[in-house]
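Only one structure is covered here, and it is reproduced in the block below.
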Amino acid sequence: DPETKDQEYCIFHKPNKNEEEAREFWRKFLERFKRRRENIFVEELGKEIERLVFEDVVNCRGFVFPKIPRGVNFSFKYAVFEKEAIFANAIFEDVAHFSGSCFKKSADFSKATFESDANFYGASFGTTLKEITGLTGAIFVNTTFKGKAIFNNATFEIANFTEATF
């Protein structure tokens, strides 16, 4: 990021962001990763919602995810990740809501830290076996969950929680 080239951290990796920096983080996050918005009806909620569909690889290795400020229209709930989703070494400073999300290729959360709750209720992970190349499925190796970790009704084709801490 040219704006932060002379600073210790770019906006994605900077810890302890203030509210203005958090707004900048989420704005730049949406600019960086190709995505579209679509409306779907969620039976459990009994209503239509808008979700994000990420069409390219989402590489968030080492990102520090701040709390989403009021007025920022962003959510990972019911998101679709068409290609790899890499959250290795990421830090989620607030609740991480991935409920209902669909990870069609690999989801790498190795060495990620969830400072608060992690909600993967109803999420699905993995691909069909004929599409497996490299690391596929849900990877939570050495991941730390400091709050609740909710995986109710989550579907894993492959899941690795080796040395995860709850």
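Starting from 1 in every chain, residues are counted up; chains themselves are A, B, ... following the order of the structure tokens, and ligands are numbered from 1 as listed.
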List the spatial neighbours of Gly122 of chain A as a VMD selection string - criterion: any atom at most 7 Å away, only C-alpha atoms, same-chain residues fewer than 6 positions off excluded. chain A and resid 99 to 100 151 to 154
Residues just named, written with C-alpha atoms as a short mmCIF file (atom, residue, chain, number, x, y, z; two decimals), in the first residue's frame:
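The new file part21.cif reads:
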data_model
loop_
_atom_site.label_atom_id
_atom_site.label_comp_id
_atom_site.auth_asym_id
_atom_site.auth_seq_id
_atom_site.Cartn_x
_atom_site.Cartn_y
_atom_site.Cartn_z
CA SER A 99 -22.05 -18.57 10.13
CA GLY A 100 -23.58 -20.05 7.01
CA PHE A 151 -19.38 -25.13 14.69
CA ASN A 152 -22.99 -26.41 15.10
CA ASN A 153 -24.30 -27.82 11.81
CA ALA A 154 -20.98 -27.10 10.08
#
Considering only C-alpha atoms, return as an MDAnalysis selection string whatever protein or nucleic-acid residues lie within 9 Å of Ser101 of chain A, sequence-local ones (same chain, fewer than 3 positions apart) excluded. chainID A and resid 76:81 97:98 120:125
Mind checking DSSP for segment 12-129 of chain A and telling me the alpha helix (DSSP H) residues as JSON, numbers by chain? {"A": [19, 20, 21, 22, 23, 24, 25, 26, 27, 28, 29, 30, 31, 32]}
Only C-alpha atoms, please: the residues just picked out, written as a PDB file, in the first residue's frame.
ATOM      1  CA  GLU A  19     -12.264   3.526  14.627  1.00  0.00           C
ATOM      2  CA  GLU A  20     -11.090   5.595  11.656  1.00  0.00           C
ATOM      3  CA  GLU A  21      -8.421   3.001  10.810  1.00  0.00           C
ATOM      4  CA  ALA A  22     -10.993   0.220  11.180  1.00  0.00           C
ATOM      5  CA  ARG A  23     -13.242   1.969   8.644  1.00  0.00           C
ATOM      6  CA  GLU A  24     -10.261   2.281   6.284  1.00  0.00           C
ATOM      7  CA  PHE A  25      -9.409  -1.409   6.807  1.00  0.00           C
ATOM      8  CA  TRP A  26     -12.887  -2.631   5.808  1.00  0.00           C
ATOM      9  CA  ARG A  27     -13.095  -0.214   2.848  1.00  0.00           C
ATOM     10  CA  LYS A  28      -9.723  -1.353   1.521  1.00  0.00           C
ATOM     11  CA  PHE A  29     -10.568  -4.988   2.226  1.00  0.00           C
ATOM     12  CA  LEU A  30     -13.587  -4.770  -0.085  1.00  0.00           C
ATOM     13  CA  GLU A  31     -11.537  -2.911  -2.712  1.00  0.00           C
ATOM     14  CA  ARG A  32      -8.740  -5.476  -2.637  1.00  0.00           C
TER      15      ARG A  32
END
Skip segment 138-147 of chain A itself and residues of its chain fewer than 3 positions away, then list as a ChimeraX atom specification all residues within 10 Å of it, counting only C-alpha atoms. /A:85-92,94-95,103,105-119,124-126,135,150,155-166
From the options A:Phe65, A:Cys102, A:Val58, A:Val53, which residue's atoms come nearest to Glu84 of chain A, counting only C-alpha atoms? A:Val58
